[in-house]
Amino acid sequence: MKIGVLVMAYGTPTTRDDVEAYYTRIRHGRPPTPELLADLTRRYDAIGGTSPLAQRTADQVAGIARVLDHVAPGEFDVRFGSKYEPPLLETAATSFRDEGFTHVIGLVLAPHSSSMSTDQYMSRAGEALGDDVTFTRIGAWWEFPGFLEIIAQRVTNVLETIPPEHRETTEVIFSAHSLPEKILASGDTYPDQLRESARRAAEIAGVPRWDIAWQSAGRTADPWIGPDILQVIRTKREEGVTDIVSCPIGFVSDHLEVLYDIDVEAQGVASDVKIHLARTASLNDDQRFMTMLAAVVIEAASA
């Protein structure tokens with residue numbers, strides 16, 4: 001019997017007409033107000049009407065499957081499940097269970113783990129699989145050999161485009177998706193993971209000047225982890241920074257939180273305060289990255 005591999009990601013509306021249903025699922029069944037819906041639709045319109053995330057994720061799932069089939073032919077069956085957009089992760093998990101799989105490995109396409117993000121994927125998948133299936137849950141994988149080296153290389157690639165006379169006044173800002181501050185009360189290590197992964201990536205790249213920031217906070221009444229990247233960018237000019245390298249280390253592909261929140265919104269703030277901002281390339285289905293994730297799966301299978 002093959003080992004099932006359930007690759008999970010957030011999901012995105014497939015077409016512009018799907019935005020409202022998608023937003024409603026994110027809000028746990030509560031339809032968005034007209035103002036919220038208009039704002040989200042506006043952001044999608046700013047990047048072309050829809051996000052490329054669905055295709056990027058499909059390419060990543062296919063890439064992982066391709067590497068696994070090359071390294072261990074016939075041993076793994078890779079399927080995708082989304083948190084908020086069909087095919088939902090419960091559907092994929094149930095298909096493994098109904099087809100008699102006895103071992104399934106869960107992998108979320110997010111390098112850092114949190115009780116309010118990756119843990120929720122795993123809980124939902126585990127419940128759908130049931131007690132008769134051994135479910136191996138891969139947690140945070142940012143420390144796995146190779147990941148930070150890939151990130152560091154992307155940082156270096158951008159730094160090499162900065163004029164030499166600006167190198168000393170260039171700062172790298174590593175960012176990840178903010179979460180509600182209430183996760184901190186339970187001892188969630190998500191913020192610590194971001195800072196440590198940023199520190200190590202900067203060290204590998206030989207970057208002396210770096211910082212972390214949070215982005216893409218939800219539009220809720222609850223406070224979210226900060227400081228927000230837009231606020232951070234505004235303060236950097238006062239600190240003598242001329243150039244910023246934005247490295248959204250918490251994201252693994254091009255999607256709304258990168259293409260709008262960084263390339264449009266953060267870029268606009270940087271322009272306002274007269275700072276040059278350049279972003280590192282997203283990982284997408286980069287072959288080194290796919291090989292690394294396949295290795296994460298293989299290690300989990302042998303544990």
# chains A, B, ... in the order shown; residues from 1 in each chain; ligands from 1
call {"tool": "residues_around", "arguments": {"residues": "region 21-32 of chain A", "least_positions_apart": "3", "cutoff": "12 Å", "atoms": "only C-alpha atoms", "output": "ChimeraX atom specification"}}
result
/A:10-18,35-41,82-86,88,218-220
call {"tool": "closest_atom_pairs", "arguments": {"of": "region 182-255 of chain A", "to": "region 123-142 of chain A", "cutoff": "12 Å", "atoms": "only C-alpha atoms", "output": "Markdown table"}}
result
| residue | atom | partner | partner_atom | distance |
| --- | --- | --- | --- | --- |
| A:Thr189 | CA | A:Ala140 | CA | 10.4 |
| A:Tyr190 | CA | A:Ala140 | CA | 9.4 |
| A:Asp192 | CA | A:Ala140 | CA | 12.0 |
| A:Gln193 | CA | A:Trp142 | CA | 8.4 |
| A:Leu194 | CA | A:Trp142 | CA | 9.2 |
| A:Arg195 | CA | A:Trp142 | CA | 11.6 |
| A:Glu196 | CA | A:Trp142 | CA | 9.8 |
| A:Ser197 | CA | A:Trp142 | CA | 6.9 |
| A:Ala198 | CA | A:Trp142 | CA | 10.1 |
| A:Arg200 | CA | A:Trp142 | CA | 10.4 |
| A:Ala201 | CA | A:Trp142 | CA | 10.2 |
| A:Ile249 | CA | A:Trp142 | CA | 9.4 |
| A:Gly250 | CA | A:Trp142 | CA | 9.2 |
| A:Phe251 | CA | A:Trp142 | CA | 11.2 |
| A:Val252 | CA | A:Trp142 | CA | 11.1 |
call {"tool": "write_last_selection", "arguments": {"atoms": "C-alpha atoms", "output": "PDB file, in the first residue's frame"}}
result
ATOM      1  CA  THR A 189       6.088  30.084  19.207  1.00  0.00           C
ATOM      2  CA  TYR A 190       5.112  31.466  15.795  1.00  0.00           C
ATOM      3  CA  ASP A 192       9.904  33.237  17.687  1.00  0.00           C
ATOM      4  CA  GLN A 193      10.085  31.006  14.613  1.00  0.00           C
ATOM      5  CA  LEU A 194       9.946  34.021  12.310  1.00  0.00           C
ATOM      6  CA  ARG A 195      12.691  35.879  14.138  1.00  0.00           C
ATOM      7  CA  GLU A 196      14.989  32.874  14.352  1.00  0.00           C
ATOM      8  CA  SER A 197      14.471  31.856  10.726  1.00  0.00           C
ATOM      9  CA  ALA A 198      15.170  35.450   9.690  1.00  0.00           C
ATOM     10  CA  ARG A 200      19.691  32.404  10.381  1.00  0.00           C
ATOM     11  CA  ALA A 201      18.831  33.338   6.794  1.00  0.00           C
ATOM     12  CA  ILE A 249       9.892  34.377   4.219  1.00  0.00           C
ATOM     13  CA  GLY A 250       6.568  33.149   5.593  1.00  0.00           C
ATOM     14  CA  PHE A 251       5.066  32.643   2.127  1.00  0.00           C
ATOM     15  CA  VAL A 252       6.009  30.042  -0.463  1.00  0.00           C
TER      16      VAL A 252
END
call {"tool": "select_by_dssp", "arguments": {"residues": "region 154-198 of chain A", "states": "helix (DSSP H, G or I)", "output": "PyMOL selection string"}}
result
chain A and resi 154-159+164-169+181-186+190-198
call {"tool": "closest_residue", "arguments": {"among": "A:Asp285, A:Glu238, A:Glu168, A:Asp188", "to": "Asp119 (chain A)", "atoms": "only C-alpha atoms"}}
result
A:Asp188
call {"tool": "closest_atom_pairs", "arguments": {"of": "region 222-283 of chain A", "to": "region 289-292 of chain A", "cutoff": "12 Å", "atoms": "only C-alpha atoms", "output": "Markdown table"}}
result
| residue | atom | partner | partner_atom | distance |
| --- | --- | --- | --- | --- |
| A:Val252 | CA | A:Phe289 | CA | 9.3 |
| A:Ser253 | CA | A:Phe289 | CA | 11.0 |
| A:Ser282 | CA | A:Phe289 | CA | 10.6 |
| A:Leu283 | CA | A:Phe289 | CA | 6.9 |
call {"tool": "write_last_selection", "arguments": {"atoms": "N, CA and C atoms", "output": "mmCIF file, in the first residue's frame"}}
result
data_model
loop_
_atom_site.group_PDB
_atom_site.id
_atom_site.type_symbol
_atom_site.label_atom_id
_atom_site.label_comp_id
_atom_site.auth_asym_id
_atom_site.auth_seq_id
_atom_site.Cartn_x
_atom_site.Cartn_y
_atom_site.Cartn_z
ATOM 1 N N VAL A 252 5.255 30.911 0.440
ATOM 2 C CA VAL A 252 6.009 30.042 -0.463
ATOM 3 C C VAL A 252 5.630 30.207 -1.931
ATOM 4 N N SER A 253 4.730 31.150 -2.239
ATOM 5 C CA SER A 253 4.353 31.320 -3.646
ATOM 6 C C SER A 253 3.780 32.710 -3.881
ATOM 7 N N SER A 282 9.557 34.775 -5.305
ATOM 8 C CA SER A 282 8.823 33.729 -4.586
ATOM 9 C C SER A 282 9.365 32.352 -4.949
ATOM 10 N N LEU A 283 9.162 31.411 -4.032
ATOM 11 C CA LEU A 283 9.701 30.062 -4.235
ATOM 12 C C LEU A 283 8.948 29.311 -5.327
#
call {"tool": "closest_residue", "arguments": {"among": "A:Ile64, A:Ala46, A:Leu184, A:Ile150", "to": "Asp261 (chain A)", "atoms": "only C-alpha atoms"}}
result
A:Ala46
call {"tool": "residues_around", "arguments": {"residues": "region 228-233 of chain A", "least_positions_apart": "2", "cutoff": "9 Å", "atoms": "only C-alpha atoms", "output": "tab-separated table (two decimals) with C-alpha atoms, in the first residue's frame"}}
result
chain	number	residue	atom	x	y	z
A	173	ILE	CA	13.00	43.00	6.07
A	175	SER	CA	8.00	39.17	6.91
A	178	SER	CA	0.32	38.30	11.08
A	212	ILE	CA	11.32	41.46	10.85
A	213	ALA	CA	7.82	42.76	10.25
A	214	TRP	CA	4.31	41.40	10.01
A	215	GLN	CA	1.89	41.81	7.15
A	216	SER	CA	-1.59	41.06	5.85
A	217	ALA	CA	-3.37	41.34	9.22
A	225	ILE	CA	0.82	40.81	15.93
A	226	GLY	CA	2.96	43.76	14.84
A	235	THR	CA	10.34	54.34	10.20
A	236	LYS	CA	13.31	53.07	8.19
A	237	ARG	CA	13.84	56.32	6.32
A	244	ILE	CA	14.92	47.75	1.49
A	262	ILE	CA	4.15	43.82	-0.89
A	265	GLU	CA	0.82	48.46	-0.93
A	266	ALA	CA	4.30	48.26	0.61
A	269	VAL	CA	4.60	53.37	1.08
A	270	ALA	CA	8.28	52.95	0.20
A	273	VAL	CA	9.05	57.93	1.97
A	275	ILE	CA	13.00	54.37	-0.14
call {"tool": "select_by_dssp", "arguments": {"residues": "region 59-245 of chain A", "states": "strand (DSSP E)", "output": "PyMOL selection string"}}
result
chain A and resi 76-82+103-108+134-137+170-177+210-215+243-245
call {"tool": "write_last_selection", "arguments": {"atoms": "N, CA and C atoms", "output": "compact mmCIF listing (two decimals), in the first residue's frame"}}
result
# COMPACT_ATOMS: atom_id res chain seq x y z
N PHE A 76 4.52 6.68 -2.95
CA PHE A 76 3.69 7.76 -2.42
C PHE A 76 2.56 8.14 -3.38
N ASP A 77 1.47 8.54 -2.79
CA ASP A 77 0.33 9.07 -3.55
C ASP A 77 0.07 10.48 -3.01
N VAL A 78 0.32 11.49 -3.83
CA VAL A 78 0.25 12.89 -3.39
C VAL A 78 -1.06 13.52 -3.84
N ARG A 79 -1.79 14.12 -2.90
CA ARG A 79 -3.04 14.78 -3.22
C ARG A 79 -3.10 16.14 -2.51
N PHE A 80 -3.91 17.02 -3.06
CA PHE A 80 -4.01 18.37 -2.51
C PHE A 80 -5.35 18.61 -1.86
N GLY A 81 -5.32 19.35 -0.74
CA GLY A 81 -6.55 19.77 -0.08
C GLY A 81 -6.40 21.20 0.42
N SER A 82 -7.41 22.01 0.20
CA SER A 82 -7.37 23.42 0.57
C SER A 82 -8.17 23.68 1.85
N HIS A 103 -1.72 4.85 6.07
CA HIS A 103 -0.76 5.85 6.54
C HIS A 103 -0.82 7.07 5.62
N VAL A 104 -1.05 8.23 6.21
CA VAL A 104 -1.09 9.49 5.46
C VAL A 104 -0.18 10.50 6.16
N ILE A 105 0.59 11.21 5.36
CA ILE A 105 1.47 12.26 5.87
C ILE A 105 0.86 13.61 5.51
N GLY A 106 0.77 14.51 6.48
CA GLY A 106 0.22 15.83 6.24
C GLY A 106 1.33 16.88 6.14
N LEU A 107 1.29 17.68 5.09
CA LEU A 107 2.28 18.74 4.87
C LEU A 107 1.55 20.02 4.51
N VAL A 108 1.73 21.07 5.29
CA VAL A 108 1.15 22.37 4.98
C VAL A 108 2.21 23.22 4.28
N THR A 134 -3.15 6.00 10.26
CA THR A 134 -2.02 6.65 10.93
C THR A 134 -1.72 7.96 10.23
N PHE A 135 -1.80 9.03 10.97
CA PHE A 135 -1.61 10.36 10.39
C PHE A 135 -0.34 10.98 10.95
N THR A 136 0.65 11.13 10.10
CA THR A 136 1.91 11.75 10.49
C THR A 136 1.85 13.24 10.14
N ARG A 137 1.92 14.08 11.13
CA ARG A 137 1.77 15.52 10.93
C ARG A 137 3.13 16.20 10.90
N THR A 170 21.33 49.68 3.19
CA THR A 170 20.30 48.74 2.74
C THR A 170 19.93 47.81 3.89
N GLU A 171 18.64 47.56 4.06
CA GLU A 171 18.19 46.66 5.12
C GLU A 171 17.25 45.61 4.55
N VAL A 172 17.38 44.39 5.02
CA VAL A 172 16.49 43.31 4.62
C VAL A 172 15.37 43.19 5.65
N ILE A 173 14.15 43.18 5.18
CA ILE A 173 13.00 43.00 6.07
C ILE A 173 12.35 41.66 5.75
N PHE A 174 12.42 40.75 6.69
CA PHE A 174 11.77 39.45 6.56
C PHE A 174 10.36 39.57 7.14
N SER A 175 9.38 39.03 6.44
CA SER A 175 8.00 39.17 6.91
C SER A 175 7.23 37.86 6.79
N ALA A 176 6.17 37.80 7.58
CA ALA A 176 5.25 36.65 7.54
C ALA A 176 3.86 37.17 7.85
N HIS A 177 2.86 36.32 7.62
CA HIS A 177 1.47 36.70 7.85
C HIS A 177 1.23 36.91 9.33
N TRP A 210 19.25 43.79 9.23
CA TRP A 210 17.99 43.14 8.91
C TRP A 210 16.97 43.38 10.03
N ASP A 211 15.73 43.11 9.73
CA ASP A 211 14.65 43.29 10.70
C ASP A 211 13.52 42.36 10.32
N ILE A 212 12.52 42.23 11.19
CA ILE A 212 11.32 41.46 10.85
C ILE A 212 10.12 42.39 10.94
N ALA A 213 9.07 42.02 10.22
CA ALA A 213 7.82 42.76 10.25
C ALA A 213 6.69 41.78 9.95
N TRP A 214 5.48 42.22 10.25
CA TRP A 214 4.31 41.40 10.01
C TRP A 214 3.45 42.06 8.94
N GLN A 215 2.69 41.26 8.24
CA GLN A 215 1.89 41.81 7.15
C GLN A 215 0.55 41.10 7.04
N ASP A 243 17.53 51.73 0.96
CA ASP A 243 17.04 50.61 0.16
C ASP A 243 16.56 49.50 1.09
N ILE A 244 15.45 48.88 0.72
CA ILE A 244 14.92 47.75 1.49
C ILE A 244 14.79 46.56 0.57
N VAL A 245 15.26 45.41 1.04
CA VAL A 245 15.01 44.14 0.38
C VAL A 245 13.90 43.45 1.16
call {"tool": "atom_distance", "arguments": {"atom1": "CA of Gln60 (chain A)", "atom2": "CA of Pro111 (chain A)"}}
result
14.0 Å
call {"tool": "residues_around", "arguments": {"residues": "Leu256 (chain A)", "least_positions_apart": "5", "cutoff": "8 Å", "atoms": "only C-alpha atoms", "output": "list in words"}}
result
Arg43, Tyr44, Ile47, Ser51, Leu53 and Asp261 of chain A
call {"tool": "closest_residue", "arguments": {"among": "A:Ala205, A:Gly74, A:Val67, A:Ala62", "to": "Arg154 (chain A)", "atoms": "only C-alpha atoms"}}
result
A:Ala205
call {"tool": "closest_residue", "arguments": {"among": "A:Asp222, A:Asp69, A:Glu239, A:Glu90", "to": "Leu179 (chain A)", "atoms": "only C-alpha atoms"}}
result
A:Asp222
call {"tool": "atom_distance", "arguments": {"atom1": "CA of Asp263 (chain A)", "atom2": "CA of Leu277 (chain A)"}}
result
9.1 Å
call {"tool": "closest_residue", "arguments": {"among": "A:Val7, A:Val207, A:Ala152, A:Ala65", "to": "Met122 (chain A)", "atoms": "only C-alpha atoms"}}
result
A:Val7
call {"tool": "residues_around", "arguments": {"residues": "Val158 (chain A)", "least_positions_apart": "5", "cutoff": "8 Å", "atoms": "only C-alpha atoms", "output": "list in words"}}
result
Val245, Ala278, Arg279 and Thr280 of chain A
call {"tool": "atom_distance", "arguments": {"atom1": "CA of Asp286 (chain A)", "atom2": "CA of Asp45 (chain A)"}}
result
26.7 Å
call {"tool": "closest_residue", "arguments": {"among": "A:Gly49, A:Glu257, A:Ser186, A:Phe144", "to": "Met116 (chain A)", "atoms": "only C-alpha atoms"}}
result
A:Ser186
call {"tool": "decode", "arguments": {"residues": "region 226-237 of chain A", "atoms": "N, CA and C atoms", "output": "PDB file, in the first residue's frame"}}
result
ATOM      1  N   GLY A 226       2.266  42.715  15.592  1.00  0.00           N
ATOM      2  CA  GLY A 226       2.958  43.759  14.843  1.00  0.00           C
ATOM      3  C   GLY A 226       4.418  43.826  15.241  1.00  0.00           C
ATOM      4  N   PRO A 227       5.156  44.766  14.666  1.00  0.00           N
ATOM      5  CA  PRO A 227       4.675  45.883  13.866  1.00  0.00           C
ATOM      6  C   PRO A 227       4.379  45.485  12.421  1.00  0.00           C
ATOM      7  N   ASP A 228       3.429  46.184  11.832  1.00  0.00           N
ATOM      8  CA  ASP A 228       3.075  45.950  10.445  1.00  0.00           C
ATOM      9  C   ASP A 228       4.183  46.455   9.527  1.00  0.00           C
ATOM     10  N   ILE A 229       4.383  45.770   8.423  1.00  0.00           N
ATOM     11  CA  ILE A 229       5.470  46.122   7.511  1.00  0.00           C
ATOM     12  C   ILE A 229       5.344  47.545   6.973  1.00  0.00           C
ATOM     13  N   LEU A 230       4.126  48.025   6.792  1.00  0.00           N
ATOM     14  CA  LEU A 230       3.954  49.389   6.287  1.00  0.00           C
ATOM     15  C   LEU A 230       4.474  50.404   7.302  1.00  0.00           C
ATOM     16  N   GLN A 231       4.205  50.134   8.572  1.00  0.00           N
ATOM     17  CA  GLN A 231       4.703  51.000   9.639  1.00  0.00           C
ATOM     18  C   GLN A 231       6.228  50.932   9.712  1.00  0.00           C
ATOM     19  N   VAL A 232       6.759  49.744   9.576  1.00  0.00           N
ATOM     20  CA  VAL A 232       8.207  49.566   9.648  1.00  0.00           C
ATOM     21  C   VAL A 232       8.906  50.320   8.520  1.00  0.00           C
ATOM     22  N   ILE A 233       8.361  50.217   7.316  1.00  0.00           N
ATOM     23  CA  ILE A 233       8.969  50.913   6.175  1.00  0.00           C
ATOM     24  C   ILE A 233       9.023  52.418   6.433  1.00  0.00           C
ATOM     25  N   ARG A 234       7.950  52.953   7.007  1.00  0.00           N
ATOM     26  CA  ARG A 234       7.916  54.399   7.268  1.00  0.00           C
ATOM     27  C   ARG A 234       9.001  54.829   8.252  1.00  0.00           C
ATOM     28  N   THR A 235       9.333  53.968   9.198  1.00  0.00           N
ATOM     29  CA  THR A 235      10.340  54.340  10.203  1.00  0.00           C
ATOM     30  C   THR A 235      11.766  54.181   9.683  1.00  0.00           C
ATOM     31  N   LYS A 236      11.946  53.359   8.646  1.00  0.00           N
ATOM     32  CA  LYS A 236      13.309  53.066   8.188  1.00  0.00           C
ATOM     33  C   LYS A 236      13.994  54.283   7.575  1.00  0.00           C
ATOM     34  N   ARG A 237      13.222  55.129   6.913  1.00  0.00           N
ATOM     35  CA  ARG A 237      13.839  56.316   6.322  1.00  0.00           C
ATOM     36  C   ARG A 237      14.460  57.192   7.408  1.00  0.00           C
TER      37      ARG A 237
END
